[in-house]
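> What follows is run_34.cif, made up of mmCIF, C-alpha atoms:
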data_input
loop_
_atom_site.label_atom_id
_atom_site.label_comp_id
_atom_site.auth_asym_id
_atom_site.auth_seq_id
_atom_site.Cartn_x
_atom_site.Cartn_y
_atom_site.Cartn_z
CA MET A 881 -11.33 1.19 5.94
CA SER A 882 -7.56 1.25 6.34
CA ILE A 883 -4.83 -1.16 5.33
CA TRP A 884 -2.59 -2.28 8.20
CA PHE A 885 0.83 -3.95 8.02
CA ILE A 886 1.80 -5.49 11.37
CA THR A 887 5.00 -7.34 12.29
CA GLY A 888 5.15 -9.82 15.15
CA ALA A 889 1.43 -10.45 14.67
CA SER A 890 1.07 -14.05 15.79
CA ARG A 891 0.59 -13.43 19.51
CA GLY A 892 0.64 -10.93 22.35
CA ILE A 893 0.30 -7.24 21.56
CA GLY A 894 0.68 -7.86 17.82
CA ALA A 895 -2.20 -10.34 17.72
CA ALA A 896 -4.33 -8.00 19.84
CA ILE A 897 -3.76 -5.17 17.35
CA VAL A 898 -4.63 -7.47 14.44
CA SER A 899 -7.87 -8.47 16.18
CA GLU A 900 -8.81 -4.86 16.94
CA ALA A 901 -8.09 -3.66 13.41
CA LEU A 902 -10.16 -6.48 11.90
CA SER A 903 -13.03 -5.79 14.30
CA ARG A 904 -13.19 -2.21 12.99
CA GLY A 905 -13.50 -3.36 9.40
CA HIS A 906 -9.89 -2.75 8.38
CA GLN A 907 -7.80 -5.05 6.19
CA VAL A 908 -4.61 -6.42 7.69
CA ALA A 909 -1.35 -7.85 6.40
CA ALA A 910 -0.17 -9.79 9.44
CA THR A 911 3.41 -11.03 9.50
CA ALA A 912 5.31 -13.52 11.64
CA ARG A 913 8.05 -16.07 11.23
CA ASP A 914 5.44 -18.80 11.80
CA VAL A 915 2.68 -17.82 9.38
CA GLU A 916 0.58 -20.84 10.34
CA SER A 917 0.16 -19.39 13.83
CA ILE A 918 -1.58 -16.37 12.27
CA ARG A 919 -3.85 -18.58 10.22
CA ARG A 920 -4.82 -20.56 13.32
CA ALA A 921 -5.57 -17.38 15.27
CA PHE A 922 -7.72 -15.72 12.59
CA PRO A 923 -9.21 -18.42 10.31
CA GLU A 924 -12.39 -16.53 9.41
CA ALA A 925 -10.54 -13.33 8.50
CA GLU A 926 -8.34 -15.12 6.02
CA THR A 927 -11.38 -16.77 4.47
CA ASP A 928 -13.29 -13.50 3.98
CA GLY A 929 -10.23 -11.77 2.50
CA SER A 930 -9.68 -9.16 5.20
CA LEU A 931 -6.49 -10.82 6.44
CA LEU A 932 -3.32 -11.51 4.50
CA PRO A 933 -0.99 -13.76 6.55
CA LEU A 934 2.64 -13.40 5.52
CA SER A 935 5.79 -15.25 6.51
CA VAL A 936 8.40 -12.67 7.50
CA ASP A 937 11.61 -12.64 9.47
CA VAL A 938 12.40 -8.98 10.14
CA ILE A 939 16.14 -9.58 9.96
CA ASP A 940 15.67 -10.80 6.38
CA GLU A 941 15.22 -7.75 4.15
CA GLN A 942 14.15 -9.82 1.16
CA SER A 943 11.24 -11.39 3.06
CA LEU A 944 10.06 -7.92 4.09
CA THR A 945 10.26 -6.57 0.56
CA LYS A 946 8.22 -9.51 -0.71
CA ALA A 947 5.66 -9.01 2.06
CA VAL A 948 5.23 -5.30 1.34
CA ASP A 949 4.90 -5.99 -2.38
CA ALA A 950 2.29 -8.69 -1.68
CA THR A 951 0.36 -6.30 0.55
CA VAL A 952 0.27 -3.53 -2.04
CA GLU A 953 -0.65 -6.01 -4.75
CA ARG A 954 -3.52 -7.35 -2.65
CA PHE A 955 -4.84 -4.19 -0.98
CA GLY A 956 -3.40 -1.34 -3.07
CA ARG A 957 -1.68 0.61 -0.28
CA ILE A 958 -0.50 0.65 3.34
CA ASP A 959 -2.09 3.13 5.74
CA VAL A 960 -0.83 1.94 9.11
CA LEU A 961 2.54 0.30 9.78
CA VAL A 962 2.99 -1.32 13.20
CA ASN A 963 6.55 -2.35 14.10
CA ASN A 964 5.82 -4.81 16.88
CA ALA A 965 8.20 -7.74 16.29
CA GLY A 966 10.60 -7.90 19.19
CA ARG A 967 12.92 -9.99 21.30
CA GLY A 968 13.67 -9.80 25.03
CA LEU A 969 16.93 -10.19 26.91
CA LEU A 970 17.20 -10.29 30.70
CA SER A 971 20.70 -10.07 32.15
CA ALA A 972 23.11 -7.72 33.85
CA VAL A 973 24.98 -5.71 31.24
CA GLU A 974 28.22 -7.55 31.95
CA GLU A 975 26.52 -10.95 31.83
CA ALA A 976 25.25 -10.53 28.27
CA SER A 977 27.26 -12.43 25.68
CA ASP A 978 28.13 -10.79 22.38
CA LYS A 979 25.85 -13.26 20.60
CA ALA A 980 22.86 -12.47 22.84
CA ALA A 981 23.40 -8.71 22.64
CA ARG A 982 23.64 -8.74 18.85
CA ALA A 983 20.56 -10.97 18.55
CA VAL A 984 18.35 -8.55 20.48
CA PHE A 985 19.68 -5.56 18.53
CA ASP A 986 19.17 -7.41 15.23
CA VAL A 987 15.44 -7.82 15.86
CA ASN A 988 14.54 -4.73 17.91
CA VAL A 989 16.61 -2.17 16.03
CA PHE A 990 17.81 -3.47 12.68
CA GLY A 991 14.58 -5.40 12.15
CA VAL A 992 12.63 -2.16 12.47
CA LEU A 993 15.04 -0.42 10.11
CA ASN A 994 14.57 -3.22 7.59
CA THR A 995 10.79 -2.90 7.86
CA LEU A 996 10.92 0.86 7.47
CA ARG A 997 13.12 0.64 4.37
CA ALA A 998 10.67 -1.81 2.83
CA ALA A 999 7.45 0.02 3.68
CA LEU A 1000 8.21 3.74 3.78
CA PRO A 1001 8.51 4.16 -0.01
CA VAL A 1002 4.82 3.20 -0.17
CA LEU A 1003 3.79 5.71 2.51
CA ARG A 1004 5.95 8.49 1.06
CA LYS A 1005 4.48 7.97 -2.38
CA GLN A 1006 0.98 8.17 -0.91
CA ARG A 1007 1.91 11.24 1.17
CA SER A 1008 -0.09 9.64 3.95
CA GLY A 1009 0.12 6.96 6.61
CA HIS A 1010 0.94 6.32 10.24
CA VAL A 1011 3.92 4.43 11.68
CA PHE A 1012 3.60 2.94 15.17
CA ASN A 1013 6.88 1.83 16.72
CA ILE A 1014 6.14 -0.40 19.70
CA SER A 1015 8.79 0.49 22.24
CA SER A 1016 8.55 0.00 26.01
CA VAL A 1017 8.66 2.04 29.18
CA GLY A 1018 12.18 0.57 29.11
CA GLY A 1019 12.85 2.80 26.12
CA PHE A 1020 12.71 5.81 28.45
CA THR A 1021 13.71 4.55 31.88
CA ILE A 1022 15.44 1.27 32.59
CA ALA A 1023 15.94 -1.05 35.56
CA PRO A 1024 18.77 -3.45 36.44
CA GLY A 1025 18.68 -6.59 34.32
CA TRP A 1026 17.10 -4.89 31.34
CA GLY A 1027 20.11 -2.87 30.18
CA LEU A 1028 20.64 -4.46 26.76
CA TYR A 1029 16.92 -4.76 26.02
CA GLY A 1030 16.44 -1.15 27.10
CA ALA A 1031 19.36 -0.07 24.93
CA THR A 1032 17.52 -1.41 21.88
CA LYS A 1033 14.40 0.51 22.83
CA PHE A 1034 16.37 3.69 23.55
CA ALA A 1035 17.81 3.31 20.04
CA LEU A 1036 14.35 2.76 18.61
CA GLU A 1037 13.03 5.89 20.29
CA GLY A 1038 15.97 7.97 19.11
CA MET A 1039 15.49 7.06 15.48
CA SER A 1040 11.71 7.40 15.87
CA GLU A 1041 12.05 11.02 17.02
CA ALA A 1042 14.13 11.82 13.94
CA LEU A 1043 11.73 9.86 11.74
CA TYR A 1044 8.82 11.85 13.16
CA ALA A 1045 10.43 15.10 12.01
CA GLU A 1046 11.50 13.68 8.64
CA LEU A 1047 8.11 12.24 7.71
CA LYS A 1048 5.80 14.93 9.11
CA PRO A 1049 6.26 17.27 6.10
CA LEU A 1050 5.35 14.31 3.85
CA GLY A 1051 2.01 13.70 5.58
CA VAL A 1052 3.14 10.57 7.46
CA HIS A 1053 2.71 10.36 11.25
CA VAL A 1054 5.01 8.54 13.68
CA THR A 1055 4.00 7.45 17.19
CA ILE A 1056 6.16 5.71 19.79
CA VAL A 1057 4.17 3.41 22.08
CA GLU A 1058 5.68 2.82 25.53
CA PRO A 1059 3.83 -0.06 27.21
CA GLY A 1060 4.47 -1.04 30.79
CA GLY A 1061 3.82 -4.62 31.82
CA PHE A 1062 1.08 -6.24 29.74
CA ARG A 1063 -0.36 -9.71 30.23
CA THR A 1064 1.23 -11.47 27.26
CA ASP A 1065 3.80 -14.22 26.77
CA PHE A 1066 6.68 -11.71 26.69
CA LEU A 1067 8.17 -13.04 29.95
CA ASP A 1068 8.00 -16.65 28.74
CA ASP A 1069 11.13 -18.46 27.58
CA SER A 1070 9.72 -18.33 24.04
CA SER A 1071 10.14 -14.53 23.99
CA LEU A 1072 12.59 -13.65 26.74
CA HIS A 1073 16.18 -14.88 26.69
CA THR A 1074 17.97 -15.12 30.04
CA GLU A 1075 21.75 -15.31 30.06
CA GLN A 1076 23.67 -17.97 31.95
CA PRO A 1077 25.86 -18.18 33.92
CA THR A 1078 24.96 -15.28 36.18
CA ILE A 1079 27.43 -13.24 38.26
CA ASP A 1080 26.97 -13.34 42.04
CA ASP A 1081 27.88 -9.67 42.47
CA TYR A 1082 24.68 -8.71 40.64
CA HIS A 1083 22.44 -10.89 42.80
CA GLN A 1084 20.75 -7.91 44.48
CA THR A 1085 20.23 -5.94 41.26
CA ALA A 1086 19.78 -7.93 38.05
CA GLY A 1087 19.16 -11.04 40.14
CA ALA A 1088 16.29 -9.35 41.95
CA THR A 1089 14.80 -8.44 38.57
CA ARG A 1090 14.99 -12.07 37.47
CA ASP A 1091 13.11 -13.11 40.62
CA HIS A 1092 10.47 -10.45 40.03
CA VAL A 1093 9.98 -11.49 36.40
CA ALA A 1094 9.35 -15.09 37.41
CA ALA A 1095 6.62 -13.97 39.81
CA ALA A 1096 5.10 -11.39 37.45
CA ASN A 1097 4.69 -13.61 34.37
CA HIS A 1098 1.04 -13.62 33.26
CA ALA A 1099 0.13 -11.40 36.21
CA GLN A 1100 1.02 -8.04 34.63
CA ARG A 1101 -1.32 -5.07 35.02
CA GLY A 1102 -1.89 -4.28 31.37
CA ASP A 1103 -4.69 -5.56 29.13
CA PRO A 1104 -3.45 -6.05 25.54
CA ALA A 1105 -6.96 -5.58 24.12
CA LYS A 1106 -7.18 -2.12 25.69
CA LEU A 1107 -3.75 -1.22 24.32
CA ALA A 1108 -4.82 -2.34 20.85
CA ALA A 1109 -7.99 -0.22 21.02
CA ILE A 1110 -5.94 2.88 21.85
CA VAL A 1111 -3.55 2.23 18.97
CA ALA A 1112 -6.53 1.88 16.63
CA ASP A 1113 -8.02 5.12 17.97
CA LEU A 1114 -4.72 6.96 17.44
CA ALA A 1115 -4.56 5.67 13.87
CA GLU A 1116 -7.78 7.61 13.25
CA ASP A 1117 -6.49 10.79 14.97
CA ASP A 1118 -5.58 13.72 12.74
CA ASP A 1119 -3.03 15.00 15.28
CA PRO A 1120 -1.54 11.93 17.01
CA PRO A 1121 1.20 12.22 19.63
CA LEU A 1122 4.85 11.44 19.07
CA ARG A 1123 4.93 9.36 22.25
CA ILE A 1124 2.34 7.71 24.48
CA GLN A 1125 2.76 5.74 27.69
CA LEU A 1126 0.32 2.85 28.15
CA GLY A 1127 -0.24 1.32 31.57
CA SER A 1128 -0.30 3.00 34.96
CA ASP A 1129 3.14 1.56 35.71
CA SER A 1130 4.54 3.18 32.57
CA VAL A 1131 3.08 6.56 33.50
CA GLN A 1132 4.48 6.35 37.04
CA ARG A 1133 7.97 5.34 35.92
CA VAL A 1134 8.20 8.00 33.21
CA GLU A 1135 6.94 10.66 35.60
CA ALA A 1136 9.53 9.64 38.22
CA LYS A 1137 12.37 9.87 35.70
CA LEU A 1138 11.22 13.26 34.43
CA ASN A 1139 11.19 14.57 38.01
CA PHE A 1140 14.67 13.12 38.62
CA MET A 1141 16.03 14.61 35.39
CA ARG A 1142 14.54 18.04 36.14
CA ALA A 1143 16.04 18.05 39.63
CA GLU A 1144 19.49 17.06 38.32
CA LEU A 1145 19.31 19.60 35.52
CA GLU A 1146 18.56 22.42 37.95
CA ARG A 1147 21.19 21.28 40.47
CA LEU A 1148 23.91 21.22 37.83
CA ARG A 1149 22.71 24.05 35.57
CA THR A 1150 25.47 26.54 36.43
CA LEU A 1151 28.20 23.91 36.08
CA SER A 1152 26.72 22.62 32.80
CA GLU A 1153 26.52 26.10 31.26
CA SER A 1154 30.03 27.04 32.44
CA THR A 1155 31.69 25.10 29.58
CA ASP A 1156 30.71 27.65 26.91
CA HIS A 1157 33.54 29.74 25.42
CA ASP A 1158 33.97 33.07 27.22
CA ASP A 1159 32.90 35.06 24.14
CA VAL A 1160 29.65 33.05 23.99
CA ALA A 1161 28.97 33.62 27.66
CA ALA A 1162 29.67 37.36 27.28
CA SER A 1163 27.34 37.75 24.31
CA ALA A 1164 24.59 35.82 26.11
CA ALA A 1165 24.87 38.20 29.07
#
Could you quickly redo this structure as structure tokens?


Amino acid sequence: MSIWFITGASRGIGAAIVSEALSRGHQVAATARDVESIRRAFPEAETDGSLLPLSVDVIDEQSLTKAVDATVERFGRIDVLVNNAGRGLLSAVEEASDKAARAVFDVNVFGVLNTLRAALPVLRKQRSGHVFNISSVGGFTIAPGWGLYGATKFALEGMSEALYAELKPLGVHVTIVEPGGFRTDFLDDSSLHTEQPTIDDYHQTAGATRDHVAAANHAQRGDPAKLAAIVADLAEDDDPPLRIQLGSDSVQRVEAKLNFMRAELERLRTLSESTDHDDVAASAA
């Protein structure tokens, strides 16, 4: 039995991970801004003591500290930390207001940092644990309209790679999860903010993405329950990966970008390497 601490646990991927962890006999501290939504989703688990619903806003460090303390007091430790709380923003880069851009960074980047600062002292003291940072295929390759959202996920993946190296000697694993499109409420107005007014010049790029999103809502390929099962399996793996793509669309998009990057790297290799000082180039030869 493991102790899980999950942010953004009231619905979507977060709720699916809560359900999967509970089904395997684990104990879960499930957090959300609306704690009653967690209680409504898992009434039996709260009654039998396997679920601890907690009211948390990830941009409020004090609420996270209280939640981590309550978890340790109740269950004694934290084995698996899932940073799932997130916010969406759909707009051309130029269309995004300062307020909207800062709001998505506050949750998707600084909210994760707040959660890590609250929970990692527990995992470091234990010299064990596993951190799952729920990113997106948009954290590796991005499309028009998703620039600011993708920027938050690129930031998340950058700090996760460093965190992986920093925590590995301490016995704590880090895994970045890159889902493609999963059939959740992420594309609803309740999760995804769309900026207005739009700019006509971006009609064929970001505008086309907006049209696609409207058609794709609740028709995505991915099954959240299957994603949750894989996360739970990885939590039991002694040698988990740094990064995993989930969804055939995620695999295809990452593969396409890797091929593009390799081709560009080879095409420009001589030019790229030509900027070394002459003494460096001579010694390398």

> Which polymer residues, protein or nucleic acid, are no farther than 12 Å from (15.8, -11.4, 27.1), counting all atoms listed in the file, as a count of residues only?

40

> Contacts of Ala1108 of chain A at 8 Å or less, counting all atoms listed in the file, minus same-chain residues fewer than 4 places along, as a list in words?

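In the requested format, the answer is Ile893, Ala896, Ile897, Glu900, Pro1104 and Ala1112 of chain A.
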
> Which one is closest to Ala1115 of chain A: A:Thr1021, A:Gln1132, A:Ser1152, A:Thr1055? Count all atoms listed in the file.

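The answer is A:Thr1055, which sits nearest to Ala1115 of chain A.
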
> Check the smallest atom-to-atom distance from each of A:Asn1139, A:Ser1130, A:Gln942, A:Thr1064 to Asp1103 of chain A using all atoms listed in the file, then report the winner.

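So, comparing all the options, the nearest one is A:Thr1064.
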
> Have a look at A:Phe1062, A:Phe1012, A:Phe1020, A:Phe885 and name the one nearest to Val936 of chain A; count only C-alpha atoms.

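For Val936 of chain A, the nearest of the candidates is A:Phe885.
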
> At a cut-off of 10 Å, using only C-alpha atoms, what residues contact Arg1004 of chain A? Leave out same-chain residues fewer than 5 positions from it and give the result as JSON, numbers by chain.

{"A": [999, 1009, 1047, 1050, 1051, 1052]}

> Run through the PyMOL selection byres ((chain A and resi 993) around 12) on the given coordinates and return the selected residues as a count of residues only.

28

> Any idea what's packed within 7 Å of Asp959 of chain A, counting only C-alpha atoms, ignoring anything in its chain fewer than 4 positions away? Could you give it as a PyMOL selection string?

chain A and resi 882-884+1009-1010

> List the residues selected by the PyMOL selection byres ((chain A and resi 948-952) around 8) in the file shown, writing them as a PDB file with C-alpha atoms, in the coordinates of the input.


ATOM      1  CA  PHE A 885       0.830  -3.950   8.020  1.00  0.00           C
ATOM      2  CA  ALA A 909      -1.350  -7.850   6.400  1.00  0.00           C
ATOM      3  CA  LEU A 932      -3.320 -11.510   4.500  1.00  0.00           C
ATOM      4  CA  LEU A 944      10.060  -7.920   4.090  1.00  0.00           C
ATOM      5  CA  THR A 945      10.260  -6.570   0.560  1.00  0.00           C
ATOM      6  CA  LYS A 946       8.220  -9.510  -0.710  1.00  0.00           C
ATOM      7  CA  ALA A 947       5.660  -9.010   2.060  1.00  0.00           C
ATOM      8  CA  GLU A 953      -0.650  -6.010  -4.750  1.00  0.00           C
ATOM      9  CA  ARG A 954      -3.520  -7.350  -2.650  1.00  0.00           C
ATOM     10  CA  PHE A 955      -4.840  -4.190  -0.980  1.00  0.00           C
ATOM     11  CA  GLY A 956      -3.400  -1.340  -3.070  1.00  0.00           C
ATOM     12  CA  ARG A 957      -1.680   0.610  -0.280  1.00  0.00           C
ATOM     13  CA  ILE A 958      -0.500   0.650   3.340  1.00  0.00           C
ATOM     14  CA  ALA A 998      10.670  -1.810   2.830  1.00  0.00           C
ATOM     15  CA  ALA A 999       7.450   0.020   3.680  1.00  0.00           C
TER      16      ALA A 999
END

> One decimal, in Å: what's the spacing between atom CA of Ala1045 of chain A and atom CA of Thr887 of chain A?

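It comes out at 23.1 Å.
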
> Taking the file as shown, what set of residues would the PyMOL selection byres ((chain A and resi 914) around 10) give back, as a list in words?

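Taken over the shown coordinates, the PyMOL selection byres ((chain A and resi 914) around 10) returns Gly888, Ala889, Ser890, Thr911, Ala912, Arg913, Val915, Glu916, Ser917, Ile918, Arg919, Pro933, Leu934, Ser935, Val936 and Asp937 of chain A.
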
> Would you mind telling me which residue in A:Val908, A:Glu1046, A:Glu1041, A:Val1057 lies nearest to Leu1114 of chain A when using only C-alpha atoms?

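Closest candidate: A:Val1057.
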
> Please measure the separation of atom CA of Gly1038 of chain A and atom CA of Asn964 of chain A, giving the value in Å to one decimal.

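It comes out at 16.5 Å.
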
> Edge lengths and centre in Å to one decimal, as lines of an AutoDock Vina configuration file, is what I'm after for the box along x, y and z that holds all listed atoms of segment 924-940 of chain A once 6 Å is added on each side.


center_x = 1.4
center_y = -12.9
center_z = 6.3
size_x = 41.4
size_y = 19.8
size_z = 19.6

> Which distance in Å separates atom CA of Ala1136 of chain A and atom CA of Arg1123 of chain A, to one decimal?

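Straight-line distance from atom CA of Ala1136 of chain A to atom CA of Arg1123 of chain A works out to 16.6 Å.
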
> With distances taken over only C-alpha atoms, which of A:Thr1085, A:Ile1110, A:Ile1079, A:Glu1116 is nearest to His906 of chain A?

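For His906 of chain A, the nearest of the given residues is A:Glu1116.
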